[in-house]
file final-v1.txt (compact mmCIF, C-alpha atoms)
# COMPACT_ATOMS: atom_id res chain seq x y z
CA MET U 1 0.00 0.00 0.00
CA ALA U 2 1.83 3.08 -1.20
CA LEU U 3 0.47 5.42 1.44
CA LEU U 4 2.64 8.31 0.41
CA ALA U 5 2.09 8.05 -3.32
CA ASP U 6 0.31 11.38 -3.48
CA PRO U 7 2.65 13.78 -1.67
CA PHE U 8 0.09 16.54 -1.45
CA ASN U 9 -2.34 14.67 0.70
CA ALA U 10 0.16 12.20 2.06
CA LEU U 11 -0.10 13.17 5.71
CA SER U 12 -3.90 13.28 5.71
CA THR U 13 -4.07 9.92 4.00
CA PHE U 14 -1.69 8.43 6.54
CA GLN U 15 -3.65 9.90 9.44
CA ASN U 16 -6.93 8.58 8.04
CA ALA U 17 -5.37 5.16 7.62
CA LEU U 18 -4.24 5.18 11.25
CA ASP U 19 -7.76 6.15 12.27
CA ALA U 20 -9.13 3.17 10.40
CA PHE U 21 -6.81 0.84 12.30
CA ARG U 22 -7.91 2.13 15.69
CA THR U 23 -10.54 -0.60 15.66
CA SER U 24 -8.19 -3.33 14.51
CA GLY U 25 -8.26 -6.38 16.70
CA TRP U 26 -4.75 -7.42 15.77
CA LEU U 27 -3.23 -7.26 19.21
CA GLY U 28 -6.32 -8.82 20.70
CA GLU U 29 -6.91 -9.43 24.37
CA GLY U 30 -3.54 -9.70 25.98
CA PRO U 31 -2.69 -9.65 29.68
CA SER U 32 -2.48 -5.88 29.44
CA GLY U 33 -3.99 -5.14 26.07
CA ALA U 34 -5.35 -1.83 24.86
CA GLY U 35 -5.88 0.96 27.33
CA ALA U 36 -2.56 0.80 29.09
CA TYR U 37 0.37 3.17 28.74
CA PRO U 38 2.25 3.53 26.47
CA PRO U 39 -0.12 3.44 23.48
CA MET U 40 1.39 1.46 20.62
CA ASN U 41 1.06 1.42 16.88
CA VAL U 42 2.05 -1.69 14.98
CA PHE U 43 3.21 -1.53 11.37
CA ARG U 44 4.17 -4.18 8.90
CA LYS U 45 7.15 -3.94 6.60
CA GLY U 46 7.27 -6.97 4.36
CA ASP U 47 7.21 -9.97 6.70
CA ASP U 48 8.49 -8.08 9.70
CA PHE U 49 6.72 -5.91 12.23
CA ILE U 50 7.58 -2.57 13.73
CA VAL U 51 6.05 -1.35 16.97
CA ILE U 52 6.19 2.39 17.55
CA THR U 53 5.24 4.01 20.82
CA GLU U 54 5.40 7.57 22.16
CA ILE U 55 6.95 8.12 25.57
CA PRO U 56 7.99 11.78 25.67
CA GLY U 57 10.09 12.77 28.65
CA VAL U 58 11.22 9.25 29.49
CA LYS U 59 14.98 8.97 29.79
CA LYS U 60 16.69 6.06 28.09
CA ASP U 61 18.02 4.90 31.47
CA ASP U 62 14.50 4.71 32.88
CA LEU U 63 13.32 2.50 30.05
CA GLU U 64 13.32 -1.28 29.92
CA VAL U 65 12.39 -3.39 26.88
CA GLN U 66 12.14 -7.17 27.05
CA VAL U 67 11.14 -9.83 24.58
CA LYS U 68 10.24 -13.41 25.39
CA GLY U 69 8.66 -15.72 22.86
CA ARG U 70 5.84 -13.73 21.33
CA THR U 71 5.54 -11.29 24.20
CA LEU U 72 6.98 -7.83 24.24
CA ARG U 73 7.30 -5.82 27.43
CA VAL U 74 7.94 -2.09 27.71
CA ALA U 75 8.41 -0.75 31.23
CA GLY U 76 9.80 2.29 32.92
CA ALA U 77 9.08 5.51 34.70
CA LYS U 78 8.32 8.96 33.43
CA ALA U 79 9.34 11.83 35.64
CA VAL U 80 8.07 15.39 35.48
CA GLU U 81 10.08 17.73 37.65
CA TYR U 82 9.86 21.35 38.57
CA PRO U 83 12.54 23.48 40.20
CA GLU U 84 12.30 23.92 43.96
CA LYS U 85 10.76 27.33 44.18
CA ALA U 86 8.40 27.22 41.23
CA ALA U 87 4.76 28.26 41.24
CA VAL U 88 2.89 25.89 38.95
CA HIS U 89 0.23 27.61 36.85
CA ARG U 90 -0.80 24.70 34.69
CA ARG U 91 -0.09 21.00 34.85
CA GLU U 92 -1.22 18.83 31.95
CA ARG U 93 1.70 16.46 31.63
CA LEU U 94 1.31 13.07 33.25
CA ALA U 95 4.00 11.22 35.15
CA GLY U 96 4.32 7.83 36.76
CA ARG U 97 5.44 4.26 36.28
CA PHE U 98 4.36 2.09 33.36
CA ASP U 99 4.67 -1.57 32.59
CA ARG U 100 2.96 -3.02 29.57
CA ALA U 101 3.27 -6.45 28.01
CA VAL U 102 1.65 -7.29 24.70
CA THR U 103 1.60 -10.59 22.86
CA MET U 104 2.08 -10.61 19.12
CA PRO U 105 -0.10 -12.98 17.11
CA VAL U 106 2.98 -13.96 15.10
CA GLU U 107 6.24 -15.61 16.05
CA ILE U 108 9.10 -13.17 16.25
CA ASP U 109 12.82 -13.86 16.28
CA PRO U 110 13.95 -12.52 19.68
CA ASP U 111 17.63 -12.59 18.76
CA ARG U 112 17.20 -10.12 15.96
CA VAL U 113 14.92 -7.62 17.70
CA LYS U 114 16.25 -4.07 17.53
CA ALA U 115 15.14 -1.10 19.58
CA GLU U 116 15.73 2.58 18.93
CA TYR U 117 14.72 5.48 21.16
CA ARG U 118 14.82 9.03 19.90
CA ASP U 119 12.93 12.28 20.55
CA GLY U 120 10.51 10.52 22.86
CA ILE U 121 9.67 7.81 20.34
CA LEU U 122 10.56 4.17 20.88
CA ALA U 123 10.66 2.06 17.73
CA LEU U 124 10.99 -1.71 17.96
CA PHE U 125 11.92 -3.72 14.94
CA LEU U 126 10.51 -7.23 15.32
CA PRO U 127 11.63 -9.60 12.58
CA ARG U 128 9.35 -12.50 11.94
CA ALA U 129 10.71 -15.90 12.90
CA GLU U 130 11.75 -17.96 9.88
CA SER U 131 9.55 -20.85 10.99
CA ASP U 132 6.52 -18.59 11.00
CA LYS U 133 6.87 -17.11 7.55
CA PRO U 134 4.08 -18.08 5.18
CA LYS U 135 4.91 -20.34 2.27
CA SER U 136 3.93 -19.40 -1.23
CA ILE U 137 1.64 -21.92 -2.85
CA LYS U 138 1.85 -22.34 -6.56
CA VAL U 139 -1.52 -22.44 -8.24
CA GLY U 140 -1.54 -25.27 -10.77
CA MET W 27 6.53 13.32 42.49
CA ALA W 28 3.91 10.65 41.80
CA GLU W 29 6.59 7.96 41.92
CA GLY W 30 4.40 4.99 42.64
CA LYS W 31 1.51 6.07 40.49
CA GLU W 32 0.77 4.31 37.23
CA MET W 33 0.79 6.20 33.96
CA ALA W 34 -2.57 6.87 32.42
CA VAL W 35 -3.35 6.88 28.72
CA ARG W 36 -4.80 10.03 27.23
CA GLU W 37 -6.21 10.57 23.73
CA LYS W 38 -4.53 13.23 21.64
CA LYS W 39 -6.61 16.32 21.30
CA GLU W 40 -6.91 17.90 17.89
CA VAL W 41 -6.37 21.62 17.44
CA ALA W 42 -9.62 23.57 17.07
CA ALA W 43 -8.24 26.67 15.44
CA LYS W 44 -10.06 29.75 14.30
CA GLU W 45 -8.28 29.69 10.98
CA GLU W 46 -7.62 26.67 8.81
CA LYS W 47 -4.11 25.67 7.88
CA THR W 48 -3.26 25.91 4.22
CA THR W 49 -1.54 22.52 4.10
CA PRO W 50 -3.48 19.29 4.74
CA GLY W 51 -2.78 17.21 7.83
CA ARG W 52 -4.11 17.12 11.37
CA TYR W 53 -2.55 19.11 14.15
CA PHE W 54 -2.65 18.05 17.77
CA VAL W 55 -2.43 20.04 20.98
CA PRO W 56 0.72 19.16 22.95
CA PRO W 57 0.13 18.88 26.72
CA ALA W 58 1.70 21.84 28.49
CA ASP W 59 3.02 22.56 31.93
CA ILE W 60 3.48 26.19 32.87
CA TYR W 61 5.40 27.21 35.95
CA GLU W 62 6.95 30.38 37.22
CA THR W 63 10.11 31.03 39.18
CA ASP W 64 11.47 34.35 40.36
CA GLU W 65 13.38 34.96 37.15
CA ALA W 66 11.32 33.38 34.43
CA LEU W 67 8.19 31.76 33.19
CA ALA W 68 8.67 28.27 31.76
CA VAL W 69 6.39 26.52 29.29
CA VAL W 70 7.02 22.80 28.84
CA LEU W 71 5.38 21.06 25.89
CA GLU W 72 5.38 17.37 25.01
CA MET W 73 5.93 16.87 21.32
CA PRO W 74 7.26 13.36 20.73
CA GLY W 75 8.83 12.78 17.34
CA VAL W 76 9.68 16.42 16.76
CA GLU W 77 13.33 17.26 16.17
CA LYS W 78 14.92 20.59 17.04
CA LYS W 79 15.10 21.66 13.43
CA ASP W 80 11.37 21.21 12.94
CA ILE W 81 10.27 23.49 15.73
CA ASP W 82 9.07 27.00 15.05
CA VAL W 83 8.63 29.40 17.94
CA SER W 84 7.37 32.84 17.03
CA LEU W 85 6.19 35.88 18.88
CA GLU W 86 3.77 38.29 17.28
CA ASN W 87 1.43 40.79 18.88
CA ASP W 88 1.86 39.35 22.38
CA VAL W 89 1.04 35.85 21.15
CA LEU W 90 3.67 33.14 21.50
CA SER W 91 3.09 30.39 18.95
CA VAL W 92 4.82 27.05 18.95
CA ASP W 93 4.69 24.78 15.92
CA GLY W 94 6.35 21.36 15.86
CA ARG W 95 6.32 19.23 12.74
CA ILE W 96 6.99 15.54 12.64
CA ASP W 97 9.01 13.96 9.91
CA PHE W 98 6.75 11.19 8.80
CA SER W 99 8.90 10.03 5.92
CA LYS W 100 10.08 7.24 8.22
CA TYR W 101 6.58 5.82 7.94
CA ARG W 102 6.98 5.63 4.19
CA ASP W 103 7.26 1.87 3.72
CA LEU W 104 5.26 0.91 6.77
CA GLU W 105 1.74 -0.47 6.55
CA PRO W 106 -0.43 0.07 9.61
CA VAL W 107 -1.76 -3.10 11.16
CA TYR W 108 -2.92 -1.86 14.57
CA ALA W 109 -3.13 1.67 15.91
CA GLU W 110 -3.82 3.08 19.36
CA TYR W 111 -2.91 6.68 18.69
CA ASN W 112 -2.67 8.99 15.76
CA VAL W 113 0.41 10.81 14.53
CA GLY W 114 0.58 14.44 13.50
CA HIS W 115 2.12 17.85 13.91
CA TYR W 116 1.74 19.90 17.08
CA ALA W 117 0.71 23.50 17.58
CA ARG W 118 -0.22 25.62 20.51
CA SER W 119 -0.24 29.36 21.27
CA PHE W 120 -0.24 31.42 24.42
CA SER W 121 -0.79 35.08 25.00
CA LEU W 122 2.05 36.69 26.88
CA SER W 123 2.00 39.60 29.20
CA ASP W 124 4.42 42.45 28.66
CA ARG W 125 6.38 41.34 31.71
CA ILE W 126 8.44 38.99 29.53
CA ASP W 127 11.83 40.03 28.17
CA ARG W 128 11.22 39.01 24.57
CA GLU W 129 14.82 39.20 23.47
CA LYS W 130 15.92 36.53 25.90
CA ILE W 131 13.42 33.73 25.21
CA SER W 132 15.25 30.42 24.94
CA ALA W 133 14.18 26.92 23.97
CA ASN W 134 15.55 23.48 24.68
CA ILE W 135 14.26 20.11 23.48
CA GLU W 136 15.07 16.70 24.92
CA ASP W 137 13.33 13.33 24.47
CA GLY W 138 10.42 15.00 22.73
CA VAL W 139 9.87 17.56 25.48
CA LEU W 140 10.31 21.23 24.58
CA THR W 141 11.08 23.67 27.38
CA LEU W 142 10.63 27.34 26.62
CA THR W 143 12.16 29.71 29.11
CA LEU W 144 10.68 33.18 29.10
CA PRO W 145 12.73 35.43 31.35
CA LYS W 146 10.80 38.11 33.12
CA ALA W 147 11.65 41.69 32.33
CA LYS W 148 13.92 43.18 34.99
CA ALA W 149 11.21 45.44 36.33
CA ALA W 150 8.93 42.48 37.00
CA GLN W 151 11.39 40.44 39.03
CA PRO W 152 10.68 40.47 42.74
CA ARG W 153 13.18 42.37 44.84
CA ARG W 154 13.79 41.63 48.43
CA ILE W 155 13.55 44.68 50.62
CA SER W 156 15.70 44.33 53.69
CA ILE W 157 14.52 45.84 56.90
CA GLY W 158 17.42 47.99 58.06
call {"tool": "encode", "arguments": {"input": "final-v1.txt", "output": "structure tokens"}}
result
Amino acid sequence: MALLADPFNALSTFQNALDAFRTSGWLGEGPSGAGAYPPMNVFRKGDDFIVITEIPGVKKDDLEVQVKGRTLRVAGAKAVEYPEKAAVHRRERLAGRFDRAVTMPVEIDPDRVKAEYRDGILALFLPRAESDKPKSIKVG
Amino acid sequence: MAEGKEMAVREKKEVAAKEEKTTPGRYFVPPADIYETDEALAVVLEMPGVEKKDIDVSLENDVLSVDGRIDFSKYRDLEPVYAEYNVGHYARSFSLSDRIDREKISANIEDGVLTLTLPKAKAAQPRRISIG
């Protein structure tokens, strides 16, 4: 699906596509499925999957990512600090601990998982396990 | 603060602006914290995915406008399969009082959090009066 084929409307098209997938049941009912922090988006690139999540203000040292079998766990703490003698006029940012585990409906290869954290965005590259890749069937 | 508390999920709020943007694409309102110290006013905005070069801070007619654009070219070859949040640019504006020293406004971004420091004009800073 060439989402960005039309550069003029590319962003709108992408945003509408994401909207459509808000009701996707792909991740299903996991032990801590939808509704927990951090919210995740899952994308497919060929046979592999990429999970992207937004955790602004979380320091890399406060972040923990674990993979076991088909389960992915993202945990950590987000701190919001003010200087000692500050008068707070408005407080909209949230802070606290988070610990979320989701189970992928496909087998992933845990040895080749890569994680990248930049500008408050954590991107996890989850390659599909060789044994789980679909086989092409030739139509006779 | 709030060390043991668990993080809550919050839906992104879309900008409801008086004027429409000329380019297509949805804008979201970044959550803001505003606090004041003796020397300055600080505005902290959460804009994950926005790099320093894509931030625009402008001051016009007492209105401070912040615009952060995301580079979504990295989503180019990705096909969405499951989504829990939407992705877009960020914009928010605040009206400033004339107690701010406009020349000295500074900005710093780290881990998707932009901190704008608006130093108060000298006349507005509190002065301690010692009782002789």
call {"tool": "residues_near_point", "arguments": {"input": "final-v1.txt", "point": "(-6.0, -6.6, 12.8)", "cutoff": "10 Å", "atoms": "all atoms listed in the file", "output": "JSON, numbers by chain"}}
result
{"U": [21, 22, 23, 24, 25, 26, 27, 28, 42, 105], "W": [106, 107, 108, 109]}
call {"tool": "interface_residues", "arguments": {"input": "final-v1.txt", "of": "chain W", "to": "chain U", "cutoff": "8 Å", "atoms": "all atoms listed in the file", "output": "PyMOL selection string"}}
result
chain W and resi 27-35+50-52+57-64+72-77+98+102-114+136-139
call {"tool": "atom_distance", "arguments": {"input": "final-v1.txt", "atom1": "CA of Leu72 in chain U", "atom2": "CA of Glu116 in chain U"}}
result
14.6 Å
call {"tool": "residues_around", "arguments": {"input": "final-v1.txt", "residues": "range 88-96 of chain W", "least_positions_apart": "2", "cutoff": "10 Å", "atoms": "all atoms listed in the file", "output": "count of residues only"}}
result
38
call {"tool": "atom_distance", "arguments": {"input": "final-v1.txt", "atom1": "CA of Ala75 in chain U", "atom2": "CA of Val113 in chain U"}}
result
16.5 Å
call {"tool": "atom_distance", "arguments": {"input": "final-v1.txt", "atom1": "CA of Glu65 in chain W", "atom2": "CA of Lys146 in chain W"}}
result
5.7 Å
call {"tool": "residues_near_point", "arguments": {"input": "final-v1.txt", "point": "(7.1, -16.7, 14.3)", "cutoff": "6 Å", "atoms": "only C-alpha atoms", "output": "PyMOL selection string"}}
result
chain U and resi 106-108+128-129+131-132
call {"tool": "build_atoms", "arguments": {"input": "final-v1.txt", "residues": "range 48-64 of chain U", "atoms": "N, CA and C atoms", "output": "CSV table (one decimal), in the frame of the given file"}}
result
chain,number,residue,atom,x,y,z
U,48,ASP,N,8.1,-8.5,8.3
U,48,ASP,CA,8.5,-8.1,9.7
U,48,ASP,C,7.5,-7.0,10.3
U,49,PHE,N,7.6,-6.9,11.6
U,49,PHE,CA,6.7,-5.9,12.2
U,49,PHE,C,7.5,-4.8,13.0
U,50,ILE,N,6.9,-3.7,13.0
U,50,ILE,CA,7.6,-2.6,13.7
U,50,ILE,C,6.6,-2.0,14.7
U,51,VAL,N,6.9,-1.9,16.0
U,51,VAL,CA,6.0,-1.4,17.0
U,51,VAL,C,6.6,0.0,17.3
U,52,ILE,N,5.7,1.0,17.2
U,52,ILE,CA,6.2,2.4,17.6
U,52,ILE,C,5.3,2.9,18.7
U,53,THR,N,6.0,3.5,19.7
U,53,THR,CA,5.2,4.0,20.8
U,53,THR,C,5.8,5.4,21.2
U,54,GLU,N,4.9,6.2,21.8
U,54,GLU,CA,5.4,7.6,22.2
U,54,GLU,C,5.5,7.7,23.7
U,55,ILE,N,6.7,8.0,24.1
U,55,ILE,CA,7.0,8.1,25.6
U,55,ILE,C,7.8,9.4,25.8
U,56,PRO,N,7.2,10.5,25.5
U,56,PRO,CA,8.0,11.8,25.7
U,56,PRO,C,8.4,12.0,27.1
U,57,GLY,N,9.6,12.5,27.3
U,57,GLY,CA,10.1,12.8,28.6
U,57,GLY,C,10.7,11.6,29.4
U,58,VAL,N,10.6,10.4,28.8
U,58,VAL,CA,11.2,9.2,29.5
U,58,VAL,C,12.7,9.2,29.1
U,59,LYS,N,13.6,9.1,30.1
U,59,LYS,CA,15.0,9.0,29.8
U,59,LYS,C,15.3,7.5,29.4
U,60,LYS,N,16.3,7.4,28.5
U,60,LYS,CA,16.7,6.1,28.1
U,60,LYS,C,17.0,5.2,29.3
U,61,ASP,N,17.6,5.7,30.3
U,61,ASP,CA,18.0,4.9,31.5
U,61,ASP,C,16.8,4.4,32.3
U,62,ASP,N,15.7,5.1,32.1
U,62,ASP,CA,14.5,4.7,32.9
U,62,ASP,C,13.6,3.8,32.1
U,63,LEU,N,14.1,3.3,31.0
U,63,LEU,CA,13.3,2.5,30.0
U,63,LEU,C,13.8,1.1,30.0
U,64,GLU,N,12.9,0.1,30.0
U,64,GLU,CA,13.3,-1.3,29.9
U,64,GLU,C,12.5,-2.0,28.9
